[in-house]
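K.L.:
File follows, work_19.txt with compact mmCIF, N, CA and C atoms:
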# COMPACT_ATOMS: atom_id res chain seq x y z
N ALA A 299 -6.97 0.32 13.08
CA ALA A 299 -6.14 1.48 13.31
C ALA A 299 -6.52 2.14 14.64
N ARG A 300 -7.81 2.20 14.91
CA ARG A 300 -8.24 2.79 16.20
C ARG A 300 -7.75 1.97 17.37
N ALA A 301 -7.88 0.65 17.26
CA ALA A 301 -7.47 -0.23 18.35
C ALA A 301 -5.99 -0.07 18.66
N LYS A 302 -5.19 0.24 17.66
CA LYS A 302 -3.75 0.41 17.83
C LYS A 302 -3.37 1.87 18.01
N GLN A 303 -4.37 2.74 18.11
CA GLN A 303 -4.18 4.18 18.27
C GLN A 303 -3.25 4.75 17.18
N GLN A 304 -3.45 4.25 15.97
CA GLN A 304 -2.68 4.75 14.84
C GLN A 304 -3.36 5.99 14.28
N HIS A 305 -2.58 6.85 13.69
CA HIS A 305 -3.08 8.08 13.10
C HIS A 305 -3.20 7.88 11.60
N PHE A 306 -4.41 8.02 11.08
CA PHE A 306 -4.68 7.76 9.67
C PHE A 306 -5.12 9.05 9.02
N ALA A 307 -4.50 9.39 7.88
CA ALA A 307 -4.85 10.61 7.16
C ALA A 307 -5.03 10.30 5.68
N VAL A 308 -6.04 10.94 5.08
CA VAL A 308 -6.29 10.82 3.65
C VAL A 308 -6.28 12.23 3.08
N GLU A 309 -5.54 12.40 1.98
CA GLU A 309 -5.49 13.70 1.33
C GLU A 309 -5.74 13.53 -0.16
N VAL A 310 -6.78 14.21 -0.64
CA VAL A 310 -7.11 14.21 -2.06
C VAL A 310 -7.27 15.69 -2.44
N PRO A 311 -6.19 16.33 -2.89
CA PRO A 311 -6.24 17.77 -3.11
C PRO A 311 -7.11 18.22 -4.28
N GLU A 312 -7.44 17.32 -5.20
CA GLU A 312 -8.30 17.70 -6.32
C GLU A 312 -9.10 16.49 -6.76
N ALA A 313 -10.22 16.77 -7.40
CA ALA A 313 -11.03 15.66 -7.91
C ALA A 313 -10.29 14.97 -9.04
N CYS A 314 -10.30 13.65 -9.04
CA CYS A 314 -9.66 12.89 -10.11
C CYS A 314 -10.37 11.56 -10.26
N ARG A 315 -10.29 11.02 -11.46
CA ARG A 315 -10.92 9.74 -11.74
C ARG A 315 -9.91 8.83 -12.41
N ALA A 316 -9.83 7.61 -11.89
CA ALA A 316 -8.89 6.63 -12.43
C ALA A 316 -9.65 5.61 -13.27
N ARG A 317 -8.97 5.09 -14.26
CA ARG A 317 -9.53 4.05 -15.10
C ARG A 317 -9.31 2.72 -14.39
N GLY A 318 -10.39 1.99 -14.15
CA GLY A 318 -10.26 0.70 -13.49
C GLY A 318 -11.62 0.16 -13.08
N GLU A 319 -11.60 -1.04 -12.59
CA GLU A 319 -12.81 -1.71 -12.16
C GLU A 319 -12.96 -1.49 -10.65
N ALA A 320 -14.12 -1.00 -10.22
CA ALA A 320 -14.32 -0.58 -8.83
C ALA A 320 -14.01 -1.69 -7.82
N THR A 321 -14.44 -2.90 -8.09
CA THR A 321 -14.21 -3.99 -7.14
C THR A 321 -12.73 -4.29 -7.00
N LEU A 322 -12.01 -4.33 -8.11
CA LEU A 322 -10.57 -4.59 -8.05
C LEU A 322 -9.82 -3.45 -7.37
N LEU A 323 -10.24 -2.22 -7.62
CA LEU A 323 -9.61 -1.08 -6.94
C LEU A 323 -9.84 -1.17 -5.44
N ALA A 324 -11.05 -1.56 -5.04
CA ALA A 324 -11.35 -1.70 -3.61
C ALA A 324 -10.48 -2.78 -2.98
N VAL A 325 -10.30 -3.92 -3.66
CA VAL A 325 -9.45 -5.00 -3.16
C VAL A 325 -8.01 -4.50 -3.01
N LEU A 326 -7.53 -3.79 -4.00
CA LEU A 326 -6.18 -3.26 -3.99
C LEU A 326 -5.96 -2.32 -2.81
N VAL A 327 -6.83 -1.34 -2.66
CA VAL A 327 -6.70 -0.36 -1.58
C VAL A 327 -6.86 -1.03 -0.22
N ARG A 328 -7.85 -1.91 -0.09
CA ARG A 328 -8.07 -2.60 1.19
C ARG A 328 -6.84 -3.40 1.61
N ASN A 329 -6.24 -4.14 0.69
CA ASN A 329 -5.07 -4.95 1.03
C ASN A 329 -3.88 -4.10 1.43
N LEU A 330 -3.66 -3.00 0.72
CA LEU A 330 -2.52 -2.15 1.05
C LEU A 330 -2.72 -1.44 2.40
N LEU A 331 -3.94 -0.98 2.66
CA LEU A 331 -4.20 -0.34 3.95
C LEU A 331 -4.16 -1.35 5.09
N ASP A 332 -4.70 -2.54 4.86
CA ASP A 332 -4.67 -3.59 5.89
C ASP A 332 -3.23 -3.93 6.26
N ASN A 333 -2.37 -4.06 5.27
CA ASN A 333 -0.96 -4.35 5.56
C ASN A 333 -0.31 -3.23 6.35
N ALA A 334 -0.59 -1.98 5.97
CA ALA A 334 0.00 -0.85 6.69
C ALA A 334 -0.44 -0.84 8.15
N ILE A 335 -1.72 -1.06 8.38
CA ILE A 335 -2.25 -1.09 9.75
C ILE A 335 -1.69 -2.27 10.53
N ARG A 336 -1.71 -3.43 9.91
CA ARG A 336 -1.29 -4.67 10.57
C ARG A 336 0.18 -4.63 10.98
N TYR A 337 1.06 -4.14 10.11
CA TYR A 337 2.49 -4.24 10.36
C TYR A 337 3.11 -2.97 10.94
N SER A 338 2.30 -1.93 11.15
CA SER A 338 2.79 -0.73 11.82
C SER A 338 2.47 -0.83 13.31
N PRO A 339 3.33 -0.31 14.15
CA PRO A 339 3.13 -0.42 15.59
C PRO A 339 2.05 0.53 16.11
N PRO A 340 1.64 0.34 17.36
CA PRO A 340 0.70 1.29 17.96
C PRO A 340 1.26 2.72 17.88
N GLY A 341 0.37 3.67 17.59
CA GLY A 341 0.76 5.06 17.50
C GLY A 341 1.36 5.46 16.16
N ALA A 342 1.47 4.54 15.23
CA ALA A 342 2.08 4.85 13.93
C ALA A 342 1.21 5.80 13.12
N ARG A 343 1.82 6.41 12.14
CA ARG A 343 1.11 7.29 11.21
C ARG A 343 0.99 6.57 9.87
N ILE A 344 -0.22 6.58 9.30
CA ILE A 344 -0.49 5.97 8.01
C ILE A 344 -1.18 7.02 7.15
N GLU A 345 -0.64 7.28 5.97
CA GLU A 345 -1.18 8.32 5.10
C GLU A 345 -1.48 7.77 3.71
N LEU A 346 -2.59 8.20 3.15
CA LEU A 346 -2.95 7.91 1.77
C LEU A 346 -3.15 9.25 1.08
N THR A 347 -2.36 9.50 0.05
CA THR A 347 -2.46 10.73 -0.73
C THR A 347 -2.76 10.36 -2.18
N VAL A 348 -3.75 11.02 -2.77
CA VAL A 348 -4.13 10.77 -4.15
C VAL A 348 -3.77 12.00 -4.97
N LEU A 349 -3.00 11.78 -6.04
CA LEU A 349 -2.55 12.88 -6.89
C LEU A 349 -2.88 12.55 -8.35
N ALA A 350 -3.14 13.59 -9.15
CA ALA A 350 -3.42 13.40 -10.57
C ALA A 350 -2.53 14.31 -11.40
N GLY A 351 -2.11 13.80 -12.56
CA GLY A 351 -1.30 14.59 -13.47
C GLY A 351 -0.71 13.72 -14.56
N ASP A 352 -0.44 14.31 -15.71
CA ASP A 352 0.17 13.61 -16.83
C ASP A 352 -0.60 12.36 -17.25
N GLY A 353 -1.93 12.42 -17.17
CA GLY A 353 -2.76 11.30 -17.60
C GLY A 353 -2.76 10.13 -16.64
N ARG A 354 -2.27 10.33 -15.43
CA ARG A 354 -2.20 9.26 -14.43
C ARG A 354 -2.82 9.73 -13.12
N VAL A 355 -3.31 8.77 -12.34
CA VAL A 355 -3.73 9.00 -10.97
C VAL A 355 -2.80 8.14 -10.11
N GLN A 356 -2.22 8.76 -9.10
CA GLN A 356 -1.31 8.04 -8.21
C GLN A 356 -1.86 8.00 -6.80
N LEU A 357 -1.84 6.82 -6.21
CA LEU A 357 -2.20 6.63 -4.81
C LEU A 357 -0.91 6.36 -4.06
N HIS A 358 -0.59 7.21 -3.12
CA HIS A 358 0.62 7.07 -2.31
C HIS A 358 0.23 6.60 -0.92
N PHE A 359 0.70 5.42 -0.55
CA PHE A 359 0.49 4.87 0.79
C PHE A 359 1.81 4.97 1.52
N GLU A 360 1.83 5.67 2.66
CA GLU A 360 3.07 5.78 3.45
C GLU A 360 2.75 5.47 4.90
N ASP A 361 3.72 4.87 5.59
CA ASP A 361 3.52 4.59 7.01
C ASP A 361 4.82 4.81 7.77
N SER A 362 4.67 4.94 9.07
CA SER A 362 5.84 5.14 9.94
C SER A 362 6.21 3.84 10.65
N GLY A 363 5.84 2.72 10.06
CA GLY A 363 6.17 1.42 10.64
C GLY A 363 7.65 1.11 10.53
N PRO A 364 8.02 -0.13 10.83
CA PRO A 364 9.44 -0.50 10.87
C PRO A 364 10.09 -0.65 9.50
N GLY A 365 9.30 -0.63 8.42
CA GLY A 365 9.88 -0.85 7.10
C GLY A 365 10.28 -2.30 6.93
N MET A 366 11.08 -2.56 5.91
CA MET A 366 11.51 -3.93 5.62
C MET A 366 12.96 -3.93 5.16
N ALA A 367 13.65 -5.02 5.44
CA ALA A 367 15.01 -5.19 4.93
C ALA A 367 14.96 -5.34 3.42
N ASP A 368 16.04 -4.96 2.74
CA ASP A 368 16.10 -5.05 1.28
C ASP A 368 15.83 -6.47 0.79
N THR A 369 16.31 -7.47 1.51
CA THR A 369 16.09 -8.86 1.08
C THR A 369 14.62 -9.22 1.16
N ASP A 370 13.91 -8.71 2.17
CA ASP A 370 12.48 -8.96 2.29
C ASP A 370 11.69 -8.18 1.24
N LEU A 371 12.12 -6.94 0.96
CA LEU A 371 11.46 -6.15 -0.09
C LEU A 371 11.52 -6.86 -1.43
N ALA A 372 12.65 -7.50 -1.72
CA ALA A 372 12.82 -8.21 -2.98
C ALA A 372 11.88 -9.41 -3.08
N ARG A 373 11.52 -10.01 -1.96
CA ARG A 373 10.66 -11.21 -1.97
C ARG A 373 9.18 -10.87 -1.83
N LEU A 374 8.87 -9.65 -1.49
CA LEU A 374 7.48 -9.26 -1.27
C LEU A 374 6.68 -9.53 -2.54
N GLY A 375 5.57 -10.16 -2.40
CA GLY A 375 4.73 -10.50 -3.53
C GLY A 375 4.76 -11.97 -3.87
N GLU A 376 5.77 -12.67 -3.32
CA GLU A 376 5.76 -14.12 -3.48
C GLU A 376 4.60 -14.65 -2.65
N ARG A 377 3.83 -15.55 -3.25
CA ARG A 377 2.70 -16.10 -2.51
C ARG A 377 3.18 -16.78 -1.24
N PHE A 378 2.50 -16.51 -0.16
CA PHE A 378 2.74 -17.08 1.17
C PHE A 378 4.04 -16.60 1.82
N PHE A 379 4.73 -15.63 1.22
CA PHE A 379 5.93 -15.09 1.87
C PHE A 379 5.53 -14.24 3.05
N ARG A 380 6.17 -14.47 4.18
CA ARG A 380 5.93 -13.67 5.39
C ARG A 380 7.27 -13.28 5.98
N VAL A 381 7.37 -12.05 6.44
CA VAL A 381 8.60 -11.59 7.08
C VAL A 381 8.69 -12.27 8.44
N VAL A 382 9.81 -12.91 8.69
CA VAL A 382 10.02 -13.62 9.95
C VAL A 382 10.08 -12.62 11.10
N GLY A 383 9.39 -12.94 12.18
CA GLY A 383 9.44 -12.12 13.38
C GLY A 383 8.50 -10.94 13.40
N SER A 384 7.56 -10.86 12.47
CA SER A 384 6.64 -9.72 12.46
C SER A 384 5.64 -9.81 13.61
N GLY A 385 5.36 -11.02 14.08
CA GLY A 385 4.44 -11.19 15.19
C GLY A 385 2.98 -11.03 14.80
N GLU A 386 2.69 -10.89 13.53
CA GLU A 386 1.32 -10.70 13.07
C GLU A 386 0.83 -11.96 12.38
N SER A 387 -0.49 -12.19 12.48
CA SER A 387 -1.08 -13.34 11.80
C SER A 387 -1.38 -12.97 10.35
N GLY A 388 -1.56 -13.97 9.54
CA GLY A 388 -1.90 -13.75 8.15
C GLY A 388 -1.40 -14.89 7.30
N SER A 389 -1.78 -14.86 6.04
CA SER A 389 -1.41 -15.96 5.14
C SER A 389 -0.26 -15.60 4.22
N GLY A 390 0.15 -14.33 4.19
CA GLY A 390 1.21 -13.94 3.28
C GLY A 390 0.72 -13.72 1.86
N LEU A 391 -0.58 -13.46 1.70
CA LEU A 391 -1.13 -13.28 0.36
C LEU A 391 -1.53 -11.83 0.04
N GLY A 392 -1.54 -10.95 1.03
CA GLY A 392 -2.05 -9.58 0.83
C GLY A 392 -1.36 -8.83 -0.29
N TRP A 393 -0.03 -8.82 -0.30
CA TRP A 393 0.71 -8.08 -1.33
C TRP A 393 0.56 -8.77 -2.68
N SER A 394 0.55 -10.10 -2.69
CA SER A 394 0.37 -10.85 -3.93
C SER A 394 -0.99 -10.53 -4.54
N ILE A 395 -2.03 -10.48 -3.73
CA ILE A 395 -3.37 -10.13 -4.21
C ILE A 395 -3.39 -8.70 -4.74
N ALA A 396 -2.75 -7.78 -4.02
CA ALA A 396 -2.69 -6.39 -4.46
C ALA A 396 -1.99 -6.27 -5.81
N ARG A 397 -0.89 -6.99 -5.98
CA ARG A 397 -0.16 -6.96 -7.26
C ARG A 397 -1.02 -7.48 -8.40
N ARG A 398 -1.76 -8.55 -8.16
CA ARG A 398 -2.61 -9.11 -9.21
C ARG A 398 -3.78 -8.17 -9.54
N ALA A 399 -4.36 -7.55 -8.53
CA ALA A 399 -5.46 -6.60 -8.76
C ALA A 399 -4.95 -5.39 -9.55
N ALA A 400 -3.74 -4.95 -9.26
CA ALA A 400 -3.15 -3.82 -9.99
C ALA A 400 -2.86 -4.22 -11.43
N ALA A 401 -2.24 -5.38 -11.63
CA ALA A 401 -1.88 -5.83 -12.97
C ALA A 401 -3.11 -6.00 -13.86
N ALA A 402 -4.20 -6.47 -13.28
CA ALA A 402 -5.43 -6.68 -14.05
C ALA A 402 -6.00 -5.38 -14.60
N GLN A 403 -5.56 -4.24 -14.02
CA GLN A 403 -6.06 -2.94 -14.44
C GLN A 403 -4.99 -2.10 -15.14
N GLY A 404 -3.85 -2.70 -15.39
CA GLY A 404 -2.77 -1.97 -16.02
C GLY A 404 -2.09 -0.98 -15.10
N ALA A 405 -2.27 -1.14 -13.80
CA ALA A 405 -1.65 -0.24 -12.83
C ALA A 405 -0.20 -0.67 -12.59
N VAL A 406 0.62 0.28 -12.20
CA VAL A 406 2.02 0.02 -11.87
C VAL A 406 2.18 0.23 -10.37
N LEU A 407 2.82 -0.74 -9.70
CA LEU A 407 3.10 -0.63 -8.26
C LEU A 407 4.59 -0.39 -8.06
N GLN A 408 4.91 0.55 -7.19
CA GLN A 408 6.29 0.80 -6.80
C GLN A 408 6.36 0.72 -5.28
N LEU A 409 7.44 0.16 -4.78
CA LEU A 409 7.61 -0.01 -3.33
C LEU A 409 9.00 0.47 -2.96
N ARG A 410 9.05 1.30 -1.93
CA ARG A 410 10.34 1.79 -1.43
C ARG A 410 10.18 2.21 0.02
N ARG A 411 11.25 2.63 0.62
CA ARG A 411 11.17 3.17 1.98
C ARG A 411 10.60 4.58 1.94
N SER A 412 9.82 4.91 2.95
CA SER A 412 9.27 6.26 3.05
C SER A 412 10.33 7.18 3.63
N GLU A 413 10.76 8.15 2.83
CA GLU A 413 11.74 9.12 3.33
C GLU A 413 11.14 10.01 4.41
N ARG A 414 9.85 10.31 4.29
CA ARG A 414 9.20 11.20 5.27
C ARG A 414 8.86 10.52 6.57
N LEU A 415 8.30 9.28 6.48
CA LEU A 415 7.76 8.64 7.68
C LEU A 415 8.62 7.48 8.19
N GLY A 416 9.53 6.97 7.37
CA GLY A 416 10.44 5.93 7.83
C GLY A 416 10.04 4.50 7.55
N GLY A 417 8.77 4.26 7.28
CA GLY A 417 8.30 2.90 7.00
C GLY A 417 8.32 2.63 5.51
N LEU A 418 7.21 2.16 4.98
CA LEU A 418 7.11 1.87 3.55
C LEU A 418 6.38 3.00 2.82
N HIS A 419 6.68 3.10 1.53
CA HIS A 419 5.99 4.03 0.64
C HIS A 419 5.65 3.26 -0.61
N ILE A 420 4.36 3.04 -0.82
CA ILE A 420 3.86 2.30 -1.98
C ILE A 420 3.15 3.29 -2.88
N VAL A 421 3.46 3.25 -4.17
CA VAL A 421 2.80 4.11 -5.15
C VAL A 421 2.07 3.22 -6.14
N VAL A 422 0.77 3.48 -6.28
CA VAL A 422 -0.06 2.81 -7.28
C VAL A 422 -0.35 3.84 -8.35
N SER A 423 0.05 3.56 -9.59
CA SER A 423 -0.15 4.49 -10.69
C SER A 423 -1.14 3.88 -11.68
N LEU A 424 -2.24 4.60 -11.90
CA LEU A 424 -3.33 4.16 -12.78
C LEU A 424 -3.56 5.19 -13.88
N ALA A 425 -4.07 4.74 -15.02
CA ALA A 425 -4.45 5.68 -16.07
C ALA A 425 -5.66 6.49 -15.59
N SER A 426 -5.66 7.77 -15.90
CA SER A 426 -6.82 8.59 -15.54
C SER A 426 -7.86 8.51 -16.64
N VAL A 427 -9.09 8.87 -16.28
CA VAL A 427 -10.20 8.84 -17.23
C VAL A 427 -10.19 10.11 -18.04
Now that the file is in, can you turn its structure into structure tokens?
P.N.:
Amino acid sequence: ARAKQQHFAVEVPEACRARGEATLLAVLVRNLLDNAIRYSPPGARIELTVLAGDGRVQLHFEDSGPGMADTDLARLGERFFRVVGSGESGSGLGWSIARRAAAAQGAVLQLRRSERLGGLHIVVSLASV
């Protein structure tokens, strides 16, 4: 993120604890942040907000990157799927790994366009402790 002069912000307005395995949570967060950094252009904004309520902890990942076409959004998570023309290296496994790490912990992943920043908005919902 520094090399690309991206702006990264983390907001955790209150203490919260999620139910899950620490290593799998780290893999999940690392893959989602790596994708946001990798596919967002120089100077982009990347935000992670953690919220708690109704027995759930939600991690909101938003970026100001280019987003994805609806057809690509539908295919995201297929092993080795890569968006044509992204210009970035990788194996196409990051989102697939994130989905599996989430599923192993009973987490729910939602993906949509970020209304605030224009890129992607990913929500990870986990049971709270």
K.L.:
Taking all atoms listed in the file into account, which of A:Leu371, A:Thr321, A:Glu309, A:Val327 comes nearest Val348 in chain A?
P.N.:
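Closest to Val348 in chain A of all the choices is A:Glu309.
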K.L.:
What gap, in Å, lies between CA of Ala313 in chain A and CA of Ser338 in chain A?
P.N.:
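Value for the CA of Ala313 in chain A-CA of Ser338 in chain A distance: 29.1 Å.
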K.L.:
Interatomic distance between atom C of Gly351 in chain A and atom C of Cys314 in chain A?
P.N.:
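Straight-line distance from atom C of Gly351 in chain A to atom C of Cys314 in chain A works out to 10.8 Å.
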K.L.:
With distances taken over only N, CA and C atoms, which residue among A:His305, A:Leu326, A:Arg343, A:Met366 lies nearest Arg397 in chain A?
P.N.:
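Counting only N, CA and C atoms, the residue closest to Arg397 in chain A is A:Leu326.
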K.L.:
Identify, on the basis of only N, CA and C atoms, every residue whose closest approach to range 374-376 of chain A does not exceed 7 Å; exclude the query and any residue fewer than 5 positions from it along the same chain; express the result as a list in words.
P.N.:
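Near range 374-376 of chain A, the qualifying residues are Thr369, Gly390, Leu391, Trp393, Ser394 and Ile395 of chain A.
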K.L.:
When distances are computed from only C-alpha atoms, which of A:Leu424, A:Leu415, A:Val381, A:Ala334 shows the smallest separation from Ser362 in chain A?
P.N.:
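Residue with the minimum atom-to-atom distance to Ser362 in chain A: A:Leu415.
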K.L.:
Give the helix (DSSP H, G or I) residues of chain A, as assigned by DSSP on the backbone, as a ChimeraX atom specification.
P.N.:
/A:320-337,368-373,392-401
K.L.:
If we count only C-alpha atoms and set the cut-off at 9 Å, which residues sit around Leu322 in chain A, ignoring sequence neighbours fewer than 5 positions away in its own chain? Please answer as a ChimeraX atom specification.
P.N.:
/A:327,396,399-400,402-403
K.L.:
Per DSSP on the backbone, what are the strand (DSSP E or B) residues of chain A, as a ChimeraX atom specification?
P.N.:
/A:305-309,316,343-351,354-361,406-411,418-426
K.L.:
Quick check, in Å to one decimal: how far apart do CA of Arg411 in chain A and atom N of Pro311 in chain A lie?
P.N.:
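It comes out at 22.3 Å.
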K.L.:
Rank A:Val406, A:Ala372, A:Gly363, A:Leu323 by their smallest atom-to-atom distance to Leu418 in chain A, using all atoms listed in the file, and report the top residue only.
P.N.:
A:Gly363
K.L.:
Name the closest residue to Val355 in chain A among the candidates A:Arg315, A:Arg373, A:Arg328, A:His419; distances are taken between atoms, counting only N, CA and C atoms.
P.N.:
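Ranking A:Arg315, A:Arg373, A:Arg328, A:His419 by distance to Val355 in chain A, first place goes to A:Arg315.
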K.L.:
Can you take the partial range 332-342 of chain A, add all heavy atoms, and return it as a short mmCIF file (atom, residue, chain, number, x, y, z; two decimals), keeping the file's coordinate frame?
P.N.:
data_model
loop_
_atom_site.label_atom_id
_atom_site.label_comp_id
_atom_site.auth_asym_id
_atom_site.auth_seq_id
_atom_site.Cartn_x
_atom_site.Cartn_y
_atom_site.Cartn_z
N ASP A 332 -4.70 -2.54 4.86
CA ASP A 332 -4.67 -3.59 5.89
C ASP A 332 -3.23 -3.93 6.26
O ASP A 332 -2.91 -4.06 7.44
CB ASP A 332 -5.41 -4.83 5.41
CG ASP A 332 -5.41 -5.92 6.47
OD1 ASP A 332 -6.04 -5.73 7.53
OD2 ASP A 332 -4.76 -6.97 6.25
N ASN A 333 -2.37 -4.06 5.27
CA ASN A 333 -0.96 -4.35 5.56
C ASN A 333 -0.31 -3.23 6.35
O ASN A 333 0.45 -3.48 7.29
CB ASN A 333 -0.18 -4.61 4.27
CG ASN A 333 -0.38 -6.00 3.72
OD1 ASN A 333 -0.93 -6.88 4.39
ND2 ASN A 333 0.04 -6.21 2.49
N ALA A 334 -0.59 -1.98 5.97
CA ALA A 334 0.00 -0.85 6.69
C ALA A 334 -0.44 -0.84 8.15
O ALA A 334 0.37 -0.64 9.06
CB ALA A 334 -0.37 0.46 6.00
N ILE A 335 -1.72 -1.06 8.38
CA ILE A 335 -2.25 -1.09 9.75
C ILE A 335 -1.69 -2.27 10.53
O ILE A 335 -1.21 -2.14 11.65
CB ILE A 335 -3.79 -1.13 9.73
CG1 ILE A 335 -4.34 0.19 9.19
CG2 ILE A 335 -4.36 -1.43 11.12
CD1 ILE A 335 -5.81 0.14 8.79
N ARG A 336 -1.71 -3.43 9.91
CA ARG A 336 -1.29 -4.67 10.57
C ARG A 336 0.18 -4.63 10.98
O ARG A 336 0.55 -5.05 12.07
CB ARG A 336 -1.54 -5.85 9.64
CG ARG A 336 -1.16 -7.20 10.19
CD ARG A 336 -1.36 -8.30 9.15
NE ARG A 336 -2.70 -8.28 8.62
CZ ARG A 336 -3.66 -9.10 9.01
NH1 ARG A 336 -3.43 -10.00 9.92
NH2 ARG A 336 -4.86 -9.02 8.47
N TYR A 337 1.06 -4.14 10.11
CA TYR A 337 2.49 -4.24 10.36
C TYR A 337 3.11 -2.97 10.94
O TYR A 337 4.30 -2.94 11.21
CB TYR A 337 3.22 -4.66 9.08
CG TYR A 337 2.80 -6.05 8.66
CD1 TYR A 337 1.97 -6.26 7.57
CD2 TYR A 337 3.21 -7.16 9.40
CE1 TYR A 337 1.56 -7.53 7.22
CE2 TYR A 337 2.80 -8.44 9.05
CZ TYR A 337 1.98 -8.61 7.96
OH TYR A 337 1.57 -9.87 7.62
N SER A 338 2.30 -1.93 11.15
CA SER A 338 2.79 -0.73 11.82
C SER A 338 2.47 -0.83 13.31
O SER A 338 1.42 -1.36 13.68
CB SER A 338 2.13 0.52 11.22
OG SER A 338 2.55 0.71 9.89
N PRO A 339 3.33 -0.31 14.15
CA PRO A 339 3.13 -0.42 15.59
C PRO A 339 2.05 0.53 16.11
O PRO A 339 1.61 1.44 15.39
CB PRO A 339 4.50 -0.05 16.15
CG PRO A 339 5.06 0.90 15.15
CD PRO A 339 4.57 0.39 13.81
N PRO A 340 1.64 0.34 17.36
CA PRO A 340 0.70 1.29 17.96
C PRO A 340 1.26 2.72 17.88
O PRO A 340 2.46 2.94 18.02
CB PRO A 340 0.62 0.83 19.42
CG PRO A 340 0.93 -0.64 19.34
CD PRO A 340 1.97 -0.75 18.26
N GLY A 341 0.37 3.67 17.59
CA GLY A 341 0.76 5.06 17.50
C GLY A 341 1.36 5.46 16.16
O GLY A 341 1.72 6.62 15.97
N ALA A 342 1.47 4.54 15.23
CA ALA A 342 2.08 4.85 13.93
C ALA A 342 1.21 5.80 13.12
O ALA A 342 0.02 5.95 13.38
CB ALA A 342 2.31 3.56 13.14
#
